[in-house]
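Raw start_21.tsv, TSV, C-alpha atoms:
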```tsv
chain	number	residue	atom	x	y	z
A	145	MET	CA	32.20	-12.94	17.94
A	146	ASN	CA	30.54	-15.98	16.44
A	147	HIS	CA	26.77	-15.82	17.05
A	148	GLN	CA	25.95	-19.23	15.62
A	149	PRO	CA	24.02	-21.36	16.39
A	150	PHE	CA	22.50	-19.01	19.02
A	151	GLU	CA	21.34	-16.36	16.58
A	152	GLU	CA	19.65	-19.03	14.48
A	153	TRP	CA	17.93	-20.52	17.56
A	154	LEU	CA	16.61	-17.08	18.51
A	155	LEU	CA	15.53	-16.07	15.01
A	156	GLU	CA	13.76	-19.37	14.43
A	157	ASP	CA	12.16	-19.28	17.92
A	158	GLN	CA	13.32	-22.84	18.38
A	159	HIS	CA	12.33	-24.92	21.38
A	160	LEU	CA	15.54	-25.65	23.25
A	161	ASP	CA	16.43	-28.55	25.51
A	162	PRO	CA	18.00	-27.77	28.97
A	163	GLN	CA	21.52	-28.22	27.65
A	164	GLN	CA	20.95	-25.81	24.76
A	165	SER	CA	19.26	-23.33	27.12
A	166	LYS	CA	22.32	-23.40	29.38
A	167	LEU	CA	24.65	-22.83	26.42
A	168	LEU	CA	22.48	-19.96	25.20
A	169	GLN	CA	22.46	-18.31	28.63
A	170	GLU	CA	26.23	-18.52	28.81
A	171	HIS	CA	26.50	-16.98	25.36
A	172	LEU	CA	24.01	-14.22	26.22
A	173	ASN	CA	26.07	-13.19	29.25
A	174	GLY	CA	28.95	-12.27	26.98
A	175	CYS	CA	27.21	-11.24	23.76
A	176	SER	CA	25.51	-7.87	23.60
A	177	TYR	CA	24.14	-8.49	20.07
A	178	CYS	CA	22.31	-11.72	20.97
A	179	SER	CA	21.11	-10.13	24.23
A	180	ALA	CA	19.72	-7.28	22.14
A	181	LEU	CA	18.03	-9.82	19.87
A	182	VAL	CA	16.34	-11.38	22.91
A	183	LYS	CA	15.33	-7.98	24.26
A	184	VAL	CA	13.91	-6.91	20.90
A	185	ASP	CA	11.89	-10.14	20.75
A	186	GLN	CA	10.58	-9.56	24.26
A	187	VAL	CA	9.45	-6.05	23.37
A	188	LEU	CA	7.98	-7.09	20.02
A	189	ASN	CA	6.03	-9.87	21.70
A	190	ASN	CA	4.49	-7.40	24.17
A	191	PRO	CA	3.25	-4.68	21.86
A	192	VAL	CA	1.34	-1.64	23.06
A	193	MET	CA	-1.61	-0.71	20.83
A	194	GLU	CA	-2.20	2.95	20.12
A	195	SER	CA	-5.77	4.24	19.85
A	196	PRO	CA	-7.11	7.21	17.93
A	197	SER	CA	-8.47	10.15	19.90
A	198	GLN	CA	-12.16	10.21	20.78
A	199	GLY	CA	-14.62	10.89	17.95
A	200	PHE	CA	-12.73	9.12	15.16
A	201	THR	CA	-15.92	7.72	13.62
A	202	GLU	CA	-17.63	11.11	13.78
A	203	ARG	CA	-14.68	12.69	12.02
A	204	PHE	CA	-14.88	9.97	9.37
A	205	LYS	CA	-18.59	10.72	8.83
A	206	ILE	CA	-17.75	14.40	8.31
A	207	LYS	CA	-14.95	13.49	5.88
A	208	LEU	CA	-17.29	11.17	3.99
A	209	GLU	CA	-19.92	13.90	3.67
A	210	LYS	CA	-17.31	16.40	2.47
A	211	GLU	CA	-15.93	13.97	-0.11
A	212	LYS	CA	-19.40	13.13	-1.36
A	213	LYS	CA	-20.24	16.80	-1.70
A	214	LEU	CA	-16.99	17.37	-3.58
A	215	GLN	CA	-17.76	14.46	-5.89
A	216	ARG	CA	-21.25	15.86	-6.59
A	217	GLN	CA	-19.72	19.26	-7.36
A	218	ARG	CA	-17.17	17.67	-9.70
A	219	LEU	CA	-19.93	15.73	-11.45
A	220	LEU	CA	-22.05	18.85	-11.88
A	221	LEU	CA	-19.04	20.79	-13.18
A	222	GLY	CA	-18.26	17.97	-15.64
A	223	ILE	CA	-21.85	17.82	-16.87
A	224	GLY	CA	-21.97	21.62	-17.16
A	225	LEU	CA	-18.72	21.77	-19.12
A	226	PHE	CA	-19.77	18.91	-21.38
A	227	GLY	CA	-23.16	20.54	-21.96
A	228	PHE	CA	-21.53	23.84	-22.79
A	229	LEU	CA	-19.15	22.24	-25.30
A	230	ALA	CA	-22.01	20.22	-26.80
A	231	LEU	CA	-24.02	23.42	-27.19
A	232	ILE	CA	-21.15	25.17	-28.98
A	233	LEU	CA	-20.67	22.17	-31.28
A	234	ALA	CA	-24.40	21.94	-31.97
A	235	GLY	CA	-24.45	25.67	-32.76
A	236	TYR	CA	-21.54	25.32	-35.17
A	237	ILE	CA	-23.03	22.28	-36.93
A	238	GLY	CA	-26.43	23.95	-37.05
A	239	TYR	CA	-24.89	27.04	-38.61
A	240	GLN	CA	-23.05	24.94	-41.23
A	241	VAL	CA	-26.17	22.95	-42.07
A	242	PHE	CA	-28.22	26.10	-42.30
A	243	THR	CA	-25.80	27.96	-44.55
A	244	ASN	CA	-24.98	24.99	-46.82
A	245	TRP	CA	-28.09	22.86	-47.00
A	246	VAL	CA	-30.86	25.32	-46.45
A	247	VAL	CA	-29.41	28.18	-48.46
A	248	SER	CA	-27.89	26.04	-51.30
A	249	PRO	CA	-28.43	22.24	-51.06
A	250	THR	CA	-26.92	21.60	-54.51
A	251	SER	CA	-23.57	23.24	-53.73
A	252	ALA	CA	-23.42	21.38	-50.36
A	253	PHE	CA	-24.00	18.06	-52.15
A	254	ILE	CA	-21.31	18.86	-54.73
A	255	ASN	CA	-18.86	19.80	-51.94
A	256	LEU	CA	-19.50	16.48	-50.20
A	257	ILE	CA	-18.97	14.45	-53.39
A	258	THR	CA	-15.75	16.37	-54.16
A	259	TRP	CA	-14.41	15.74	-50.66
A	260	LEU	CA	-15.20	12.01	-50.87
A	261	ALA	CA	-13.57	11.72	-54.29
A	262	GLY	CA	-10.43	13.52	-53.05
A	263	PHE	CA	-10.23	11.27	-50.00
A	264	SER	CA	-10.53	8.12	-52.09
A	265	ALA	CA	-7.84	9.36	-54.55
A	266	ALA	CA	-5.50	10.14	-51.66
A	267	LEU	CA	-5.92	6.63	-50.25
A	268	GLU	CA	-5.18	5.10	-53.63
A	269	THR	CA	-2.04	7.24	-54.08
A	270	PHE	CA	-0.73	6.30	-50.61
A	271	GLY	CA	-1.33	2.62	-51.41
A	272	SER	CA	0.59	2.84	-54.71
A	273	VAL	CA	3.51	4.73	-53.14
A	274	GLY	CA	3.66	2.19	-50.31
A	275	LEU	CA	3.76	-0.76	-52.72
A	276	VAL	CA	6.57	0.85	-54.73
A	277	LEU	CA	8.59	1.50	-51.56
A	278	ILE	CA	8.09	-2.10	-50.35
A	279	ASN	CA	9.23	-3.45	-53.73
A	280	ILE	CA	12.37	-1.29	-53.60
A	281	ALA	CA	13.09	-2.31	-49.99
A	282	LEU	CA	12.61	-6.03	-50.81
A	283	GLY	CA	15.20	-5.72	-53.53
A	284	ILE	CA	17.78	-3.86	-51.41
A	285	ILE	CA	17.50	-5.59	-48.01
A	286	PRO	CA	18.33	-9.34	-47.91
A	287	LEU	CA	15.82	-11.88	-46.59
A	288	PRO	CA	17.69	-12.81	-43.34
A	289	LEU	CA	17.68	-9.14	-42.36
A	290	TRP	CA	13.93	-8.99	-42.96
A	291	LEU	CA	13.44	-12.08	-40.83
A	292	GLY	CA	15.60	-10.59	-38.08
A	293	PHE	CA	13.66	-7.35	-38.27
A	294	PHE	CA	10.29	-9.08	-37.96
A	295	ILE	CA	11.40	-11.46	-35.18
A	296	GLY	CA	13.01	-8.56	-33.28
A	297	GLY	CA	9.88	-6.48	-33.72
A	298	PHE	CA	7.71	-9.36	-32.52
A	299	LEU	CA	9.91	-9.88	-29.45
A	300	LEU	CA	9.82	-6.17	-28.63
A	301	VAL	CA	6.04	-6.13	-28.89
A	302	LEU	CA	5.89	-9.24	-26.70
A	303	LEU	CA	8.16	-7.60	-24.12
A	304	TRP	CA	6.03	-4.48	-24.20
A	305	VAL	CA	2.82	-6.47	-23.66
A	306	VAL	CA	4.33	-8.53	-20.81
A	307	THR	CA	5.77	-5.44	-19.08
A	308	LEU	CA	2.50	-3.59	-19.44
A	309	ARG	CA	0.52	-6.51	-18.05
A	310	LYS	CA	2.92	-6.95	-15.15
A	311	LEU	CA	2.89	-3.26	-14.28
A	312	ALA	CA	-0.86	-3.03	-14.67
A	313	TYR	CA	-1.27	-6.12	-12.48
A	314	SER	CA	0.90	-4.74	-9.68
A	315	VAL	CA	-0.95	-1.40	-9.80
A	316	GLN	CA	-4.24	-3.28	-9.76
A	317	VAL	CA	-3.13	-5.39	-6.78
A	318	ARG	CA	-2.09	-2.26	-4.91
A	319	ARG	CA	-5.40	-0.60	-5.72
A	320	LEU	CA	-7.44	-3.63	-4.78
A	321	THR	CA	-5.69	-4.25	-1.48
B	141	MET	CA	-17.95	-12.37	11.78
B	142	GLU	CA	-21.53	-12.76	10.53
B	143	ASN	CA	-22.30	-9.28	11.78
B	144	GLU	CA	-19.23	-8.03	9.88
B	145	LEU	CA	-20.41	-9.66	6.64
B	146	ALA	CA	-23.89	-8.27	7.15
B	147	CYS	CA	-22.42	-4.80	7.64
B	148	ILE	CA	-20.32	-5.15	4.48
B	149	LYS	CA	-23.36	-6.27	2.46
B	150	GLN	CA	-25.45	-3.41	3.81
B	151	ALA	CA	-22.64	-0.97	3.07
B	152	LEU	CA	-22.45	-2.35	-0.47
B	153	ASP	CA	-26.17	-1.67	-0.77
B	154	GLY	CA	-25.46	1.95	0.08
B	155	SER	CA	-25.84	2.09	3.85
B	156	ASP	CA	-23.33	4.58	5.24
B	157	ASP	CA	-24.36	3.65	8.78
B	158	ALA	CA	-23.29	0.06	8.19
B	159	PHE	CA	-19.91	1.21	6.93
B	160	THR	CA	-19.58	3.55	9.92
B	161	GLN	CA	-20.09	0.52	12.13
B	162	LEU	CA	-17.11	-1.12	10.41
B	163	VAL	CA	-15.08	2.05	11.02
B	164	GLU	CA	-16.04	1.93	14.69
B	165	THR	CA	-14.94	-1.72	14.92
B	166	TYR	CA	-11.60	-1.43	13.11
B	167	GLN	CA	-10.48	2.10	13.90
B	168	LYS	CA	-7.99	0.94	16.55
B	169	PRO	CA	-6.00	-1.63	14.50
B	170	VAL	CA	-5.93	0.64	11.45
B	171	TYR	CA	-4.87	3.65	13.49
B	172	ASN	CA	-2.25	1.63	15.34
B	173	LEU	CA	-0.71	0.39	12.09
B	174	CYS	CA	-0.62	3.92	10.68
B	175	TYR	CA	0.85	5.25	13.91
B	176	ARG	CA	3.60	2.63	13.94
B	177	MET	CA	4.33	3.29	10.27
B	178	LEU	CA	4.21	7.08	10.17
B	179	GLY	CA	5.26	7.98	13.65
B	180	ASN	CA	2.95	10.70	14.82
B	181	ALA	CA	-0.63	11.07	15.87
B	182	ASP	CA	-1.70	13.62	13.23
B	183	ALA	CA	-0.24	11.70	10.31
B	184	ALA	CA	-1.71	8.48	11.69
B	185	GLU	CA	-5.15	10.08	12.02
B	186	ASP	CA	-5.03	11.37	8.41
B	187	ALA	CA	-3.75	8.04	7.09
B	188	SER	CA	-6.37	5.99	8.92
B	189	GLN	CA	-9.18	8.32	7.77
B	190	GLU	CA	-7.86	8.01	4.22
B	191	THR	CA	-7.65	4.22	4.59
B	192	PHE	CA	-11.31	3.99	5.55
B	193	PHE	CA	-12.29	6.32	2.75
B	194	LYS	CA	-10.37	4.21	0.22
B	195	ALA	CA	-12.05	1.11	1.64
B	196	TYR	CA	-15.44	2.82	1.31
B	197	LYS	CA	-14.80	3.70	-2.33
B	198	ASN	CA	-13.42	0.25	-3.20
B	199	LEU	CA	-15.70	-1.90	-1.10
B	200	HIS	CA	-17.17	-3.45	-4.26
B	201	ARG	CA	-13.70	-4.86	-4.97
B	202	TYR	CA	-13.43	-6.58	-1.61
B	203	ASP	CA	-13.32	-10.36	-1.91
B	204	MET	CA	-15.67	-11.74	0.76
B	205	LYS	CA	-13.55	-14.89	1.05
B	206	ARG	CA	-10.68	-12.87	2.45
B	207	SER	CA	-10.42	-11.49	5.95
B	208	PHE	CA	-11.85	-7.98	6.10
B	209	PRO	CA	-9.41	-6.65	8.74
B	210	THR	CA	-6.46	-7.97	6.70
B	211	TRP	CA	-7.86	-6.21	3.64
B	212	LEU	CA	-8.19	-2.98	5.60
B	213	LEU	CA	-4.70	-3.30	7.07
B	214	SER	CA	-3.25	-3.92	3.62
B	215	ILE	CA	-4.84	-0.69	2.36
B	216	ALA	CA	-3.40	1.14	5.36
B	217	ALA	CA	0.05	-0.45	4.92
B	218	HIS	CA	0.23	0.44	1.22
B	219	TYR	CA	-0.96	3.96	1.90
B	220	CYS	CA	1.66	4.45	4.62
B	221	ILE	CA	4.44	2.95	2.48
B	222	ASP	CA	3.48	5.35	-0.31
B	223	GLN	CA	3.49	8.27	2.11
B	224	LEU	CA	6.91	7.29	3.44
B	225	ARG	CA	8.30	6.94	-0.05
B	226	ARG	CA	6.92	10.30	-1.12
B	227	ARG	CA	8.55	12.23	1.61
B	228	LYS	CA	11.51	11.52	3.77
B	229	TYR	CA	9.66	11.46	7.01
B	230	THR	CA	11.17	13.53	9.78
B	231	ALA	CA	12.16	11.64	12.87
B	232	PHE	CA	9.41	11.11	15.38
B	233	SER	CA	9.75	13.22	18.48
B	234	MET	CA	9.31	11.30	21.69
B	235	ASP	CA	8.26	14.56	23.32
B	236	ASP	CA	4.88	14.15	21.65
B	237	GLU	CA	2.50	15.21	24.39
B	238	GLU	CA	-0.24	12.80	23.42
B	239	HIS	CA	2.01	9.82	23.88
B	240	ALA	CA	3.93	10.70	26.96
B	241	GLU	CA	4.97	7.71	29.03
B	242	LEU	CA	1.93	7.51	31.23
B	243	PRO	CA	1.20	4.17	32.86
B	244	ASP	CA	-2.05	2.54	31.75
B	245	ILE	CA	-4.52	2.91	34.62
B	246	GLU	CA	-6.24	-0.31	33.60
B	247	ALA	CA	-3.05	-2.30	33.77
B	248	ILE	CA	-2.76	-4.87	36.55
B	249	ASN	CA	0.74	-3.72	37.41
B	250	PRO	CA	1.31	-0.06	36.49
B	251	GLU	CA	5.07	-0.34	36.92
B	252	MET	CA	5.25	-3.31	34.53
B	253	GLU	CA	3.00	-1.45	32.10
B	254	ALA	CA	5.32	1.58	32.20
B	255	VAL	CA	8.32	-0.68	31.47
B	256	ARG	CA	6.40	-2.30	28.62
B	257	ARG	CA	5.49	1.07	27.16
B	258	GLN	CA	9.06	2.27	27.48
B	259	GLY	CA	10.27	-0.81	25.59
B	260	ASN	CA	7.67	-0.13	22.90
B	261	ASP	CA	8.75	3.49	22.60
B	262	GLN	CA	12.38	2.42	22.28
B	263	ILE	CA	11.61	-0.18	19.64
B	264	TYR	CA	9.41	2.33	17.89
B	265	GLN	CA	12.32	4.74	17.49
B	266	LEU	CA	14.32	1.92	15.95
B	267	LEU	CA	11.48	0.86	13.65
B	268	ASP	CA	11.67	4.30	12.12
B	269	LYS	CA	15.11	3.40	10.78
B	270	LEU	CA	13.93	0.33	8.88
B	271	ASP	CA	12.87	0.17	5.26
B	272	SER	CA	9.13	0.99	4.99
B	273	THR	CA	8.09	-2.48	3.75
B	274	ASP	CA	10.16	-4.22	6.46
B	275	ARG	CA	8.53	-1.96	9.03
B	276	ALA	CA	5.06	-2.80	7.72
B	277	ALA	CA	5.86	-6.52	7.93
B	278	VAL	CA	7.08	-6.19	11.53
B	279	VAL	CA	4.07	-4.13	12.61
B	280	LEU	CA	1.62	-6.53	10.96
B	281	ARG	CA	3.37	-9.53	12.51
B	282	TYR	CA	3.84	-8.31	16.07
B	283	TRP	CA	1.21	-5.63	16.62
B	284	HIS	CA	-1.56	-7.27	14.62
B	285	ASP	CA	-0.66	-10.92	14.98
B	286	CYS	CA	-0.91	-11.47	11.22
B	287	SER	CA	0.36	-14.76	9.85
B	288	GLU	CA	3.05	-14.85	7.17
B	289	VAL	CA	0.36	-15.68	4.60
B	290	GLU	CA	-1.71	-12.66	5.65
B	291	ILE	CA	1.35	-10.40	5.53
B	292	SER	CA	2.23	-11.69	2.08
B	293	GLU	CA	-1.31	-10.92	0.90
B	294	ALA	CA	-1.35	-7.53	2.55
B	295	LEU	CA	2.00	-6.39	1.19
B	296	SER	CA	1.85	-8.23	-2.17
B	297	LEU	CA	4.95	-10.25	-1.32
B	298	THR	CA	5.77	-13.94	-1.51
B	299	ILE	CA	5.84	-15.94	1.75
B	300	PRO	CA	9.63	-16.53	1.56
B	301	ALA	CA	10.07	-12.78	1.01
B	302	VAL	CA	8.01	-12.08	4.14
B	303	LYS	CA	10.09	-14.56	6.18
B	304	SER	CA	13.29	-13.05	4.88
B	305	ARG	CA	12.12	-9.49	5.58
B	306	LEU	CA	11.07	-10.40	9.13
B	307	HIS	CA	14.43	-12.06	9.83
B	308	ARG	CA	16.32	-9.15	8.34
B	309	ALA	CA	14.25	-6.65	10.32
B	310	ARG	CA	14.78	-8.47	13.62
B	311	LYS	CA	18.51	-8.64	13.03
B	312	ALA	CA	18.61	-4.96	12.11
B	313	LEU	CA	16.57	-4.05	15.18
B	314	ALA	CA	18.89	-6.09	17.40
B	315	SER	CA	21.95	-4.34	15.96
B	316	LEU	CA	20.34	-0.94	16.44
B	317	TRP	CA	19.21	-1.86	19.96
B	318	GLU	CA	22.74	-2.99	20.80
B	319	LYS	CA	24.07	0.30	19.51
B	320	GLU	CA	21.47	2.57	21.12
B	321	TYR	CA	20.35	0.94	24.35
B	322	ALA	CA	22.72	-1.88	25.27
B	323	GLN	CA	24.49	0.29	27.85
B	324	THR	CA	21.27	1.45	29.53
B	325	ASN	CA	19.85	-2.07	29.71
B	326	LEU	CA	23.02	-3.73	30.87
B	327	GLU	CA	21.78	-4.40	34.38
B	328	ARG	CA	18.58	-5.99	33.10
B	329	SER	CA	19.86	-9.20	31.53
B	330	PRO	CA	17.40	-10.84	29.17
B	331	TYR	CA	16.85	-14.26	30.69
B	332	GLU	CA	13.41	-14.82	29.24
B	333	SER	CA	14.28	-15.73	25.72
B	334	PRO	CA	11.35	-16.86	23.56
B	335	ALA	CA	13.63	-19.66	22.53
B	336	PHE	CA	13.54	-21.13	26.05
```
Would you mind writing the structure in this file as structure tokens?
Amino acid sequence: MNHQPFEEWLLEDQHLDPQQSKLLQEHLNGCSYCSALVKVDQVLNNPVMESPSQGFTERFKIKLEKEKKLQRQRLLLGIGLFGFLALILAGYIGYQVFTNWVVSPTSAFINLITWLAGFSAALETFGSVGLVLINIALGIIPLPLWLGFFIGGFLLVLLWVVTLRKLAYSVQVRRLT
Amino acid sequence: MENELACIKQALDGSDDAFTQLVETYQKPVYNLCYRMLGNADAAEDASQETFFKAYKNLHRYDMKRSFPTWLLSIAAHYCIDQLRRRKYTAFSMDDEEHAELPDIEAINPEMEAVRRQGNDQIYQLLDKLDSTDRAAVVLRYWHDCSEVEISEALSLTIPAVKSRLHRARKALASLWEKEYAQTNLERSPYESPAF
């Protein structure tokens, strides 16, 4: 059965003139779908509100107190755990300082210099190896491919940033509302 | 309205009593939305308690230019949608003792009130078959009289999307009504179309 234009009139809640009203009534007498649409609208426009059982606010107060207590406990646990770890770390560092600096300050100083020198040499080696590899790669791979690689990489990063921002925004909206 | 803002400001300053006053004021709309979304009294109670607790924790994020009840309802709607998505909610039993079809004693015409409640219960069973966001849009529109702009803000949708969802939901409800209740309501022809 063709429901138009009656369905549209009903869905748009249009004001109808007497002629249109008569046509609609005739259609409703023979159309169970449009009659259902009218009935649904009647029910939806007369909603019954449900209420919570007595003492809702009191129950909320109790919940709030419980949650606050739980938060305090979590905070205390966090502080305790952090303090414990800090104590262990302080003990370890104190032990190292005591054994190295107090017992033999010269050997501790030499160890530190050696470590720094090693670190600096490693950085220099990595730099040299990297430069050699780049030089080799520049010779093997043609320029258009490099351009494509960089543009593709840039687009991927852009896509990643946009997606992240969009997702973060929708999560933020959901959290804020 | 001024009292509401004063309560919010006091609550932001740390007054739990002021926030409790807001809970007292808005418990019914929040509970009703949760009830219509989740379908039973216990789940609705939990969801509305959780809604108020989320509002309490995030009150500093509330934009004073916006309507506070709409903000609360949007928290409730999102919470209920999340709940519905997490678990396939079992069908609501109409044998629920708390919501038996008792006429409202305050109603002017108890018989009319019973008919109204019956219609609501029937539509409620059909609402359960809609997509959770469509259901939220319908409940906000018809039970809470929210405008399309408010619904779009509450559900993070565009206004055309809200319009489209409401149309789609009404058509779906009509089809379901036709399928489920058309026979039982045959004698009662709907002559009072809102379009008249």
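If you measure from each of A:Ile280, A:Arg218, A:Leu155, A:Phe253 to A:Val184 using only C-alpha atoms, the closest one turns out to be A:Leu155.
Within 9 Å of B:Arg275, once all atoms listed in the file are used and residues closer than 6 positions along the same chain are dropped, the contacting residues are Arg176, Met177, Leu267, Asp268, Lys269, Leu306 and Ala309 of chain B.
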Chain A residues near chain B (7 Å cut-off, all atoms listed in the file) as a PDB file with C-alpha atoms, in the coordinates of the input:
```
ATOM      1  CA  TRP A 153      17.930 -20.520  17.560  1.00  0.00           C
ATOM      2  CA  LEU A 154      16.610 -17.080  18.510  1.00  0.00           C
ATOM      3  CA  LEU A 155      15.530 -16.070  15.010  1.00  0.00           C
ATOM      4  CA  ASP A 157      12.160 -19.280  17.920  1.00  0.00           C
ATOM      5  CA  GLN A 158      13.320 -22.840  18.380  1.00  0.00           C
ATOM      6  CA  HIS A 159      12.330 -24.920  21.380  1.00  0.00           C
ATOM      7  CA  LEU A 160      15.540 -25.650  23.250  1.00  0.00           C
ATOM      8  CA  SER A 165      19.260 -23.330  27.120  1.00  0.00           C
ATOM      9  CA  SER A 176      25.510  -7.870  23.600  1.00  0.00           C
ATOM     10  CA  TYR A 177      24.140  -8.490  20.070  1.00  0.00           C
ATOM     11  CA  SER A 179      21.110 -10.130  24.230  1.00  0.00           C
ATOM     12  CA  ALA A 180      19.720  -7.280  22.140  1.00  0.00           C
ATOM     13  CA  LEU A 181      18.030  -9.820  19.870  1.00  0.00           C
ATOM     14  CA  VAL A 182      16.340 -11.380  22.910  1.00  0.00           C
ATOM     15  CA  LYS A 183      15.330  -7.980  24.260  1.00  0.00           C
ATOM     16  CA  VAL A 184      13.910  -6.910  20.900  1.00  0.00           C
ATOM     17  CA  VAL A 187       9.450  -6.050  23.370  1.00  0.00           C
ATOM     18  CA  LEU A 188       7.980  -7.090  20.020  1.00  0.00           C
ATOM     19  CA  ASN A 189       6.030  -9.870  21.700  1.00  0.00           C
ATOM     20  CA  PRO A 191       3.250  -4.680  21.860  1.00  0.00           C
ATOM     21  CA  VAL A 192       1.340  -1.640  23.060  1.00  0.00           C
ATOM     22  CA  MET A 193      -1.610  -0.710  20.830  1.00  0.00           C
ATOM     23  CA  GLU A 194      -2.200   2.950  20.120  1.00  0.00           C
ATOM     24  CA  SER A 195      -5.770   4.240  19.850  1.00  0.00           C
ATOM     25  CA  PRO A 196      -7.110   7.210  17.930  1.00  0.00           C
ATOM     26  CA  THR A 201     -15.920   7.720  13.620  1.00  0.00           C
ATOM     27  CA  PHE A 204     -14.880   9.970   9.370  1.00  0.00           C
ATOM     28  CA  LEU A 320      -7.440  -3.630  -4.780  1.00  0.00           C
ATOM     29  CA  THR A 321      -5.690  -4.250  -1.480  1.00  0.00           C
TER      30      THR A 321
END
```
Please compute the atom CA of A:Phe150-atom CA of B:Ile291 distance, one decimal, in Å. 26.5 Å
Quick check, in Å to one decimal: how far apart do atom CA of A:Gly274 and atom CA of A:Thr258 lie? 24.3 Å
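As for atom CA of A:Glu152 and atom CA of B:Pro300, they are spaced 16.5 Å apart.
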Got a sec: who's within 10 Å of A:Thr243, counting all atoms listed in the file, leaving out chain neighbours fewer than 6 positions off, as a list in words? Ile237, Pro249 and Ala252 of chain A
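When all atoms listed in the file are used to measure the gap to A:Lys205, the shortest distance among B:Leu297, B:Ala158, B:Leu152, B:Leu145 belongs to B:Ala158.
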